[in-house]
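Take a look at the structure set out below.
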Amino acid sequence: MAEDWKYGGFGLYIHWPFCQAKCPYCDFNSHVSRKIDQKQWLNAYLTELDRVGSETQGRVLNSVFFGGGTPSLMDPDVVSAIIDRIRTTWPTANDLEITLEANPGSVEAGRFAAYRQGGISRVSMGIQALNDRDLKRLGRIHSVSEAKAAFDIARHTFERVSFDLIYARQDQSVDAWQAELREALAMTIDHLSLYQLMIETGTAFGDRYAKGKLRGLPEDDASADMYQVTGDICAEAGLEGYEVSNYAKPGSESRHNLIYWRYGDYVGIGPGAHGRVTLDGEKFATESWRNPDRWLASVSEGSGENLRQTISLEDQADEMMMMGLRLNEGVDLTRWEKLSKRSLNPESLAHLESIGMIRRSSNRLFASQDGRMVLNTLLAEILVE
C-alpha cells in the first residue's frame, strides 16, 4: 500500500500566518502583526523545504499552494525564492500548478505582476461578498469596487484565477444570493469557491452567536435552498460542481485541492500546517506548531513539526471515503477495498441508493447532491460494519 498516494498525486502546502486584520468568521491559524522579518521567514521556509525534500526525494510534485493568513502580503522576492528552492528540490509535473491566496486590496494587486514573474500561475482571491454592507459585516477591509479592480488585474496577469464568496450571510435572501452569484459569474470566471457561512467556536462570530447577538442568519431551509440554486446557476454558466463547495469549467479545477480530495500525499510547511505523507510504506499525519514564534524556534532546532503519527489502514480508508464523497467523481471502491481490507455493507448501500443519497456505477460510489448536504450522516451510514 506504499504507493496508494499516487492515485491522488503529491502536493506542497505553505502556510503564511499573517493578516492585516482578523475576520470575525475566520477560524484559520492567522495572526495580526505590525512587524514581520520576511528574511527570517524565508530562511525558515527554505530550511523546512530542505528537511521534507530529503524525505521525499524523487517524487514528482503536482502542485504548490500558498495559503494563510494572507500570502499576498509576502514579499514577491520571498515567494520567488521559495519557488526556486521547490524546483531544485523535486522534479515537477509539466502542468505544475502554483497557487497563491490573495486579498483583493490595492496593496496585493500591485504585487501581482511580480508574483507572476516569480512563478505563481494561479491566484485564489478572497472576495467573499459583492456588496459593501456585507463586506463590512464580514470584517473585510476592501470594497466591492476594489475587489473588482483587483480581479480584473489578476485575470489579465495569471493563467488561472478563482475567487471565494460566502453565502447564507446575515439578512441574505435566496433571491439576493441568486442575483449576487449571477453577478459573479458575469465577471469572466472559470472557477468559484462558494462556502456557506459557518459559525465556528472561538471566533468573534461564534462569541456573538453564543450571546444571541448575531442576528439575521438564514433558517436551515433557506440555507439549503441557497445550496441547491448555487449548483443550478453555476451549471447554467458551464461550471460543474466538482466538489461540495467548488465549481469550475472543465479543466479549471483546483489541482492542489484535488490532491486532498483524491487522498494523495501532501507536505504542510508553516505554522499550523497539516500534512499526509507516505514514508517507507506507512502513511503519517503531520502537524506543525501553530504559534508563529514557536514554529520559527522549532525550525531552528531541526523541525517545525510537533506531531507525526501513523495512520492505520482502516483510518486511511475512512479518510479516503470522507474526502472522495465530496467530489463529483466519487470514490473508487476497488481502491477503497484494497486499502481497508473490507467491503461496505450491501444492505446499507442499497437503502441509501433507494432514498437518493448515493448512486453506484462501474464500481464507483457517488454522493448525490442531497447526500452531500448531510455528508457526515451519510458517511456514518456507509461505513457501518
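We name chains A, B, ... following the order of the C-alpha cells; residues begin at 1 in each chain, and ligands are numbered from 1 as shown.
Residues surrounding segment 89-105 of chain A within 7 Å are Gly53, Gln57, Gly58, Arg59, Val60, Leu61, Asn62, Ser63, Val64, Phe65, Phe66, Gly67, Thr70, Pro71, Ser72, Ile120, Ser121, Arg122, Val123, Ser124, Met125, Gly126, Ile127, His142, Glu146, Ala147, Ala150, Phe151 and Arg255 of chain A [only C-alpha atoms; sequence separation below 6 positions excluded].
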Using the chain letters and numbers from this document, which residues of segment 89-285 of chain A does DSSP assign to alpha helix (DSSP H), as JSON, numbers by chain?
{"A": [89, 106, 107, 108, 109, 112, 113, 114, 115, 116, 117, 118, 132, 133, 134, 135, 136, 137, 144, 145, 146, 147, 148, 149, 150, 151, 152, 153, 154, 155, 174, 175, 176, 177, 178, 179, 180, 181, 182, 183, 184, 185, 204, 205, 206, 207, 208, 209, 210, 220, 221, 222, 223, 224, 225, 226, 227, 228, 229, 230, 231, 232, 233, 234, 235, 236, 255, 256, 257, 258, 259, 260, 261]}
Can you list, as a PyMOL selection string, every residue of segment 127-315 of chain A that DSSP puts in strand (DSSP E)?
chain A and resi 127-128+160-167+191-196+240-243+246-248+265-269+274-279+282-288+305-310
Write the residues of the preceding selection, restricted to N, CA and C atoms, as a short mmCIF file (atom, residue, chain, number, x, y, z; two decimals), in the first residue's frame.
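Written output follows (part.cif):
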```cif
data_model
loop_
_atom_site.label_atom_id
_atom_site.label_comp_id
_atom_site.auth_asym_id
_atom_site.auth_seq_id
_atom_site.Cartn_x
_atom_site.Cartn_y
_atom_site.Cartn_z
N ILE A 127 -12.74 37.33 -2.10
CA ILE A 127 -13.63 38.48 -2.25
C ILE A 127 -14.75 38.42 -1.21
N GLN A 128 -15.42 37.27 -1.08
CA GLN A 128 -16.41 36.92 -0.03
C GLN A 128 -17.79 37.52 -0.19
N ARG A 160 -4.66 31.40 -14.48
CA ARG A 160 -5.94 30.97 -13.92
C ARG A 160 -6.23 31.79 -12.67
N VAL A 161 -7.50 32.16 -12.49
CA VAL A 161 -7.91 32.95 -11.33
C VAL A 161 -9.22 32.38 -10.80
N SER A 162 -9.31 32.29 -9.49
CA SER A 162 -10.55 31.89 -8.82
C SER A 162 -10.87 32.92 -7.75
N PHE A 163 -12.13 32.97 -7.33
CA PHE A 163 -12.39 33.74 -6.12
C PHE A 163 -13.46 33.08 -5.26
N ASP A 164 -13.46 33.46 -3.98
CA ASP A 164 -14.36 32.90 -2.98
C ASP A 164 -15.52 33.85 -2.71
N LEU A 165 -16.69 33.27 -2.47
CA LEU A 165 -17.83 34.00 -1.94
C LEU A 165 -18.42 33.20 -0.79
N ILE A 166 -18.98 33.91 0.17
CA ILE A 166 -19.67 33.29 1.31
C ILE A 166 -21.16 33.58 1.16
N TYR A 167 -21.99 32.55 1.32
CA TYR A 167 -23.44 32.78 1.29
C TYR A 167 -24.07 32.35 2.63
N HIS A 191 -13.60 29.51 -12.26
CA HIS A 191 -13.59 28.74 -11.02
C HIS A 191 -14.12 29.61 -9.88
N LEU A 192 -15.04 29.06 -9.11
CA LEU A 192 -15.58 29.74 -7.93
C LEU A 192 -15.57 28.78 -6.75
N SER A 193 -15.19 29.29 -5.59
CA SER A 193 -15.35 28.57 -4.32
C SER A 193 -16.46 29.27 -3.56
N LEU A 194 -17.53 28.54 -3.26
CA LEU A 194 -18.74 29.13 -2.70
C LEU A 194 -19.08 28.41 -1.40
N TYR A 195 -18.87 29.10 -0.28
CA TYR A 195 -18.97 28.50 1.04
C TYR A 195 -20.16 29.04 1.82
N GLN A 196 -20.86 28.14 2.49
CA GLN A 196 -21.89 28.58 3.42
C GLN A 196 -21.23 29.13 4.67
N GLU A 240 -19.16 23.19 -13.47
CA GLU A 240 -19.60 21.97 -12.81
C GLU A 240 -19.28 22.03 -11.32
N GLY A 241 -20.21 21.54 -10.50
CA GLY A 241 -19.93 21.42 -9.07
C GLY A 241 -19.09 20.18 -8.82
N TYR A 242 -17.78 20.30 -9.04
CA TYR A 242 -16.92 19.11 -8.96
C TYR A 242 -16.61 18.70 -7.54
N GLU A 243 -16.91 19.60 -6.58
CA GLU A 243 -16.73 19.32 -5.16
C GLU A 243 -17.82 20.08 -4.41
N ASN A 246 -17.04 23.80 -4.58
CA ASN A 246 -16.19 24.31 -5.66
C ASN A 246 -16.78 23.99 -7.03
N TYR A 247 -16.73 25.00 -7.90
CA TYR A 247 -17.38 24.94 -9.20
C TYR A 247 -16.39 25.42 -10.26
N ALA A 248 -16.29 24.68 -11.36
CA ALA A 248 -15.28 25.05 -12.36
C ALA A 248 -15.70 24.59 -13.74
N ASP A 265 -0.80 12.44 -1.32
CA ASP A 265 0.12 12.90 -0.27
C ASP A 265 0.36 14.40 -0.42
N TYR A 266 0.51 15.07 0.70
CA TYR A 266 0.88 16.48 0.66
C TYR A 266 1.68 16.83 1.90
N VAL A 267 2.67 17.66 1.69
CA VAL A 267 3.52 18.16 2.77
C VAL A 267 2.97 19.51 3.21
N GLY A 268 2.89 19.72 4.52
CA GLY A 268 2.46 21.00 5.06
C GLY A 268 3.62 21.69 5.77
N ILE A 269 3.93 22.92 5.34
CA ILE A 269 5.02 23.70 5.92
C ILE A 269 4.46 25.03 6.40
N HIS A 274 -0.91 21.21 8.22
CA HIS A 274 -1.09 19.77 8.33
C HIS A 274 -0.55 19.09 7.08
N GLY A 275 -0.24 17.81 7.19
CA GLY A 275 0.20 17.05 6.04
C GLY A 275 -0.24 15.60 6.13
N ARG A 276 -0.17 14.91 5.01
CA ARG A 276 -0.36 13.46 4.91
C ARG A 276 0.75 12.96 4.01
N VAL A 277 1.68 12.20 4.58
CA VAL A 277 2.87 11.80 3.84
C VAL A 277 3.15 10.32 4.05
N THR A 278 3.35 9.59 2.94
CA THR A 278 3.69 8.17 2.99
C THR A 278 5.21 8.02 2.93
N LEU A 279 5.77 7.37 3.95
CA LEU A 279 7.21 7.15 4.03
C LEU A 279 7.47 5.72 4.44
N GLU A 282 4.43 3.50 5.25
CA GLU A 282 3.46 3.94 6.23
C GLU A 282 2.99 5.36 5.92
N LYS A 283 1.71 5.62 6.16
CA LYS A 283 1.18 6.96 5.95
C LYS A 283 1.10 7.67 7.29
N PHE A 284 1.60 8.90 7.30
CA PHE A 284 1.66 9.68 8.54
C PHE A 284 0.81 10.94 8.41
N ALA A 285 0.17 11.29 9.52
CA ALA A 285 -0.44 12.61 9.67
C ALA A 285 0.58 13.50 10.35
N THR A 286 0.82 14.67 9.78
CA THR A 286 1.78 15.60 10.39
C THR A 286 1.09 16.91 10.72
N GLU A 287 1.57 17.56 11.77
CA GLU A 287 1.11 18.89 12.15
C GLU A 287 2.32 19.71 12.56
N SER A 288 2.22 21.01 12.35
CA SER A 288 3.29 21.93 12.76
C SER A 288 2.81 22.80 13.91
N GLU A 305 7.64 20.56 12.83
CA GLU A 305 6.55 19.66 13.20
C GLU A 305 6.46 19.49 14.71
N ASN A 306 5.21 19.35 15.20
CA ASN A 306 5.03 18.95 16.59
C ASN A 306 4.29 17.63 16.69
N LEU A 307 3.93 17.04 15.53
CA LEU A 307 3.25 15.74 15.52
C LEU A 307 3.57 15.02 14.23
N ARG A 308 3.88 13.73 14.36
CA ARG A 308 3.96 12.82 13.22
C ARG A 308 3.43 11.49 13.70
N GLN A 309 2.23 11.15 13.20
CA GLN A 309 1.51 10.00 13.74
C GLN A 309 1.10 9.06 12.62
N THR A 310 1.36 7.76 12.81
CA THR A 310 0.97 6.76 11.82
C THR A 310 -0.55 6.68 11.71
#
```
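Among the candidates A:Glu180, A:Glu55, A:Asp171, A:Glu329, the residue lying nearest to Asn131 of chain A is A:Glu180 (atoms considered: only C-alpha atoms).
Comparing the minimum interatomic distances between Thr88 of chain A and each of A:Asp370, A:Asp50, A:Glu108, A:Glu314, counting only C-alpha atoms, we find that A:Asp50 sits nearest.
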Using only C-alpha atoms, the best pick from A:Leu239, A:Cys19, A:Val32, A:Val384 as closest to Leu73 of chain A would be A:Cys19
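Taking only C-alpha atoms into account, Gln38 of chain A lies nearest to A:Trp16 out of the set A:Pro250, A:Thr230, A:Trp16, A:Ala186.
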Who sits within 9 Å of Leu130 of chain A, only C-alpha atoms, same chain under 6 positions skipped, as a PDB file with all heavy atoms, in the first residue's frame:
```
ATOM      1  N   SER A 143     -13.373  47.148  -0.525  1.00  0.00           N
ATOM      2  CA  SER A 143     -14.711  47.452  -1.026  1.00  0.00           C
ATOM      3  C   SER A 143     -14.984  46.604  -2.267  1.00  0.00           C
ATOM      4  O   SER A 143     -14.075  45.962  -2.817  1.00  0.00           O
ATOM      5  CB  SER A 143     -14.808  48.937  -1.387  1.00  0.00           C
ATOM      6  OG  SER A 143     -13.955  49.228  -2.490  1.00  0.00           O
ATOM      7  N   VAL A 144     -16.235  46.605  -2.711  1.00  0.00           N
ATOM      8  CA  VAL A 144     -16.580  45.873  -3.927  1.00  0.00           C
ATOM      9  C   VAL A 144     -15.826  46.426  -5.127  1.00  0.00           C
ATOM     10  O   VAL A 144     -15.303  45.668  -5.957  1.00  0.00           O
ATOM     11  CB  VAL A 144     -18.104  45.925  -4.174  1.00  0.00           C
ATOM     12  CG1 VAL A 144     -18.441  45.326  -5.539  1.00  0.00           C
ATOM     13  CG2 VAL A 144     -18.855  45.176  -3.077  1.00  0.00           C
ATOM     14  N   SER A 145     -15.736  47.739  -5.225  1.00  0.00           N
ATOM     15  CA  SER A 145     -15.026  48.332  -6.372  1.00  0.00           C
ATOM     16  C   SER A 145     -13.551  47.945  -6.364  1.00  0.00           C
ATOM     17  O   SER A 145     -12.972  47.659  -7.423  1.00  0.00           O
ATOM     18  CB  SER A 145     -15.185  49.855  -6.374  1.00  0.00           C
ATOM     19  OG  SER A 145     -14.632  50.436  -5.204  1.00  0.00           O
ATOM     20  N   ALA A 147     -12.338  45.201  -5.050  1.00  0.00           N
ATOM     21  CA  ALA A 147     -12.289  43.772  -5.366  1.00  0.00           C
ATOM     22  C   ALA A 147     -12.391  43.544  -6.872  1.00  0.00           C
ATOM     23  O   ALA A 147     -11.636  42.754  -7.457  1.00  0.00           O
ATOM     24  CB  ALA A 147     -13.411  43.038  -4.648  1.00  0.00           C
ATOM     25  N   LYS A 148     -13.316  44.239  -7.515  1.00  0.00           N
ATOM     26  CA  LYS A 148     -13.488  44.060  -8.960  1.00  0.00           C
ATOM     27  C   LYS A 148     -12.275  44.566  -9.729  1.00  0.00           C
ATOM     28  O   LYS A 148     -11.862  43.951 -10.726  1.00  0.00           O
ATOM     29  CB  LYS A 148     -14.758  44.767  -9.418  1.00  0.00           C
ATOM     30  CG  LYS A 148     -16.037  44.062  -8.951  1.00  0.00           C
ATOM     31  CD  LYS A 148     -17.283  44.740  -9.491  1.00  0.00           C
ATOM     32  CE  LYS A 148     -18.536  43.942  -9.138  1.00  0.00           C
ATOM     33  NZ  LYS A 148     -19.763  44.579  -9.681  1.00  0.00           N
ATOM     34  N   LEU A 165     -16.688  33.273  -2.475  1.00  0.00           N
ATOM     35  CA  LEU A 165     -17.828  34.001  -1.935  1.00  0.00           C
ATOM     36  C   LEU A 165     -18.416  33.199  -0.785  1.00  0.00           C
ATOM     37  O   LEU A 165     -18.360  31.959  -0.787  1.00  0.00           O
ATOM     38  CB  LEU A 165     -18.908  34.230  -2.998  1.00  0.00           C
ATOM     39  CG  LEU A 165     -18.599  35.195  -4.149  1.00  0.00           C
ATOM     40  CD1 LEU A 165     -19.759  35.181  -5.151  1.00  0.00           C
ATOM     41  CD2 LEU A 165     -18.366  36.609  -3.632  1.00  0.00           C
ATOM     42  N   GLU A 180     -26.506  37.865  -6.702  1.00  0.00           N
ATOM     43  CA  GLU A 180     -25.077  38.060  -6.457  1.00  0.00           C
ATOM     44  C   GLU A 180     -24.241  37.025  -7.191  1.00  0.00           C
ATOM     45  O   GLU A 180     -23.192  37.337  -7.769  1.00  0.00           O
ATOM     46  CB  GLU A 180     -24.803  38.006  -4.951  1.00  0.00           C
ATOM     47  CG  GLU A 180     -23.366  38.301  -4.584  1.00  0.00           C
ATOM     48  CD  GLU A 180     -23.167  38.432  -3.080  1.00  0.00           C
ATOM     49  OE1 GLU A 180     -24.168  38.503  -2.343  1.00  0.00           O
ATOM     50  OE2 GLU A 180     -21.995  38.467  -2.654  1.00  0.00           O
ATOM     51  N   LEU A 181     -24.718  35.784  -7.185  1.00  0.00           N
ATOM     52  CA  LEU A 181     -23.986  34.720  -7.864  1.00  0.00           C
ATOM     53  C   LEU A 181     -23.952  34.955  -9.373  1.00  0.00           C
ATOM     54  O   LEU A 181     -22.913  34.763 -10.022  1.00  0.00           O
ATOM     55  CB  LEU A 181     -24.623  33.366  -7.544  1.00  0.00           C
ATOM     56  CG  LEU A 181     -23.976  32.132  -8.150  1.00  0.00           C
ATOM     57  CD1 LEU A 181     -22.493  32.053  -7.823  1.00  0.00           C
ATOM     58  CD2 LEU A 181     -24.696  30.870  -7.662  1.00  0.00           C
ATOM     59  N   GLU A 183     -24.031  37.808 -10.797  1.00  0.00           N
ATOM     60  CA  GLU A 183     -23.090  38.908 -10.993  1.00  0.00           C
ATOM     61  C   GLU A 183     -21.654  38.387 -10.988  1.00  0.00           C
ATOM     62  O   GLU A 183     -20.826  38.793 -11.817  1.00  0.00           O
ATOM     63  CB  GLU A 183     -23.278  39.954  -9.888  1.00  0.00           C
ATOM     64  CG  GLU A 183     -22.373  41.161 -10.024  1.00  0.00           C
ATOM     65  CD  GLU A 183     -22.544  42.174  -8.892  1.00  0.00           C
ATOM     66  OE1 GLU A 183     -23.416  41.966  -8.017  1.00  0.00           O
ATOM     67  OE2 GLU A 183     -21.794  43.173  -8.876  1.00  0.00           O
ATOM     68  N   ALA A 184     -21.355  37.467 -10.071  1.00  0.00           N
ATOM     69  CA  ALA A 184     -20.006  36.883 -10.015  1.00  0.00           C
ATOM     70  C   ALA A 184     -19.687  36.116 -11.296  1.00  0.00           C
ATOM     71  O   ALA A 184     -18.590  36.231 -11.854  1.00  0.00           O
ATOM     72  CB  ALA A 184     -19.896  35.965  -8.803  1.00  0.00           C
TER      73      ALA A 184
END
```
Could you check which of A:Ser354, A:Leu344, A:Ser223, A:Asn257 is closest to Met373 of chain A, using only C-alpha atoms?
A:Ser223
